[in-house]
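This report concerns only the one structure given below.
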Amino acid sequence: MDSTLTRAQYVRWRNAIFAIFLASGVSIATWASRVPDIKSALDIDNAQIGLLLLGMGIASIIGISTGPAVMARTGARRGMLVTMIMVAAGLVLIGVGTTVLASFPVVVVGLVLFGLGNGALDVMMNVEATAIEQEAGKTILPLFHAFFSFGTVIGAGLGWAAAQTHTSVVVHASGVGAAIFIASFVCIANVPNRDAVLDPHESGEKPHWRERMHVALSAWREPRTYALGVVMLGMSFAEGGANDWLALGTAEDHGGGTAMGAAALTVFSVCMTAVRIFGGPLVDRFGRVLVLRVLSVAAAGGILLFILAPSLPLVFVGAALWGIGASLGFPLGMSAAADDPAKAAARVSAAATIGYIAFLGGPPVLGVISEHIGLLNTLYILVGLVVASGLASGAAKPLVRESAALTTK
């Protein structure tokens, strides 16, 4: 953090980024919670819903990949403002396309704008969060991701209430979009201009944005980027797979019914969020690498127990361990990628791209495979990926502390 910032300015900065994580979670859950109503209003089938999801997913990956370019050109502060406005505009277009125009192409355009904005915003807010973490001198990035989880809960709750009261998608989505639009200006007003700090230069001068673009691309040539990508890929598969398939596996393959399926997913989500809230001190005490390895064992064990459980109580135990184990892989991977402030945006973007491809693309792949070998058997793939994530966790060893140790010798 810029040394000229006071304690009060730092707190406002931290709280603003908490709010941005929260807003991102609300926006995503707003869309997800109204998918059944959007499907009904547009009179489309599951294949067309799949196309909508594919379009949003591709746009999100493009947003993540281009995030560093936007930051190099505009700085994180203005970049986050622009991308939050894109998210808000995307939500409004989704609502208008669904309710007012009943137009599939308009909804596609809204989702592309929504995906681009959220993808780029994800990189920027994580870079800001890691800078705050480094200033605090303790692990707090998982807490930022817990705020994202809170946002998804709030967004889902608002979506449920809107559906229950038969509130139209345009009113619901436009209301949330307007709130995010207003929140973007309030939040950004409390974010310091970190452009010079983001890309320090030996001469002390601010480098040209093209030079910073070169730095952004260089992250893809570093082996550590791919090792961190493996850490995040395995845990992203585990998280995304649970979000899409855990409830179904409980309801159908374990015969628990839809209510028990929803309950098992709730257990998973609560355990994941709890560890994100309280896991920071454990990371500070035992280090990223050990924590990631222990959590990979917990996740692999939880998924195996979920697959093999002979009774519903054990299914729930498996879901709990699954949630605990998958909780910190993504945020700690982000934190490790940002160890060097000079390359934080580039490395966060590169590692996040690998992780998000897994998060967005993994569950549909699992669905296709499950048609041939069954859902529970397909989940063994997650076990293998989680084990790979644990084996690669040595890449998360902090670079900053290593550098500090070398200078004191």
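Ordering of the structure tokens sets the chain letters (A, B, ...), residue numbers begin anew at 1 in every chain, and ligands are numbered from 1 in the order given.
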
- [ ] Considering only C-alpha atoms, return as an MDAnalysis selection string whatever protein or nucleic-acid residues lie within 6 Å of Ser389 of chain A, sequence-local ones (same chain, fewer than 4 positions apart) excluded.
- [x] chainID A and resid 230:231 234

Given the selection you just returned, output its residues as a file containing all heavy atoms, formatted as a PDB file, in the first residue's frame.
```pdb
ATOM      1  N   VAL A 230      -2.467 -25.685 -11.620  1.00  0.00           N
ATOM      2  CA  VAL A 230      -2.879 -27.049 -11.253  1.00  0.00           C
ATOM      3  C   VAL A 230      -3.544 -27.049  -9.881  1.00  0.00           C
ATOM      4  O   VAL A 230      -4.570 -27.707  -9.672  1.00  0.00           O
ATOM      5  CB  VAL A 230      -1.669 -28.005 -11.266  1.00  0.00           C
ATOM      6  CG1 VAL A 230      -2.042 -29.361 -10.680  1.00  0.00           C
ATOM      7  CG2 VAL A 230      -1.149 -28.188 -12.691  1.00  0.00           C
ATOM      8  N   VAL A 231      -2.969 -26.295  -8.937  1.00  0.00           N
ATOM      9  CA  VAL A 231      -3.567 -26.184  -7.602  1.00  0.00           C
ATOM     10  C   VAL A 231      -4.999 -25.665  -7.714  1.00  0.00           C
ATOM     11  O   VAL A 231      -5.944 -26.223  -7.130  1.00  0.00           O
ATOM     12  CB  VAL A 231      -2.733 -25.246  -6.705  1.00  0.00           C
ATOM     13  CG1 VAL A 231      -3.447 -25.006  -5.376  1.00  0.00           C
ATOM     14  CG2 VAL A 231      -1.353 -25.844  -6.461  1.00  0.00           C
ATOM     15  N   GLY A 234      -7.574 -28.129  -9.801  1.00  0.00           N
ATOM     16  CA  GLY A 234      -8.126 -29.244  -9.038  1.00  0.00           C
ATOM     17  C   GLY A 234      -9.221 -28.809  -8.088  1.00  0.00           C
ATOM     18  O   GLY A 234     -10.303 -29.416  -8.023  1.00  0.00           O
TER      19      GLY A 234
END
```

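Residues in contact with segment 350-360 of chain A at up to 8 Å, not including ones fewer than 6 positions away on its chain and judged by only C-alpha atoms, are Gly57, Ile61, Ile64, Ser65, Val123, Ala219, Trp220, Thr225, Tyr226, Leu228, Gly229, Val230, Met232, Leu233, Gly234, Ser236, Phe237, Glu239, Gly240, Gly241, Phe330, Gly333, Met334 and Ala337 of chain A.
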
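Between Leu143 of chain A and the residues A:Val289, A:Ala129, A:Leu42, A:Ala396, the shortest atom-to-atom distance, using only C-alpha atoms, involves A:Ala129.
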
- [ ] Run DSSP on the backbone and give me the residues of segment 149-397 of chain A it puts in helix (DSSP H, G or I), as a count of residues only.
- [x] 210

- [ ] Would you mind telling me which residue in A:Val315, A:Trp13, A:Asp122, A:Glu371 lies nearest to Ala263 of chain A when using only C-alpha atoms?
- [x]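 Ranked by minimum distance to Ala263 of chain A, first place goes to A:Val315.
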
- [ ] Tell me, as a list in words, which residues lie within 10 Å of Asp37 of chain A, counting only C-alpha atoms; anything in the same chain fewer than 6 positions away does not count.
- [x] Asp43, Thr98, Thr99, Ala163, His166, Ser168 and Val169 of chain A

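Across the model, the gap from atom CA of Ala183 of chain A to atom CA of Met125 of chain A is 14.3 Å.
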
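For the pair atom CA of Arg224 of chain A and atom CA of Leu399 of chain A, the separation is 10.7 Å.
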
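The nearest approach to Gly95 of chain A among the residues A:Ser269, A:Thr139, A:Ser174, A:Asn190, with only C-alpha atoms taken into account, belongs to A:Ser174.
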
- [ ] Find the residues near segment 270-279 of chain A: any atom within 10 Å, counting only C-alpha atoms, skip ones fewer than 5 places away on the same chain, and give them as a VMD selection string.
- [x] chain A and resid 139 to 150 239 264 to 265 284 291 319 to 328 331
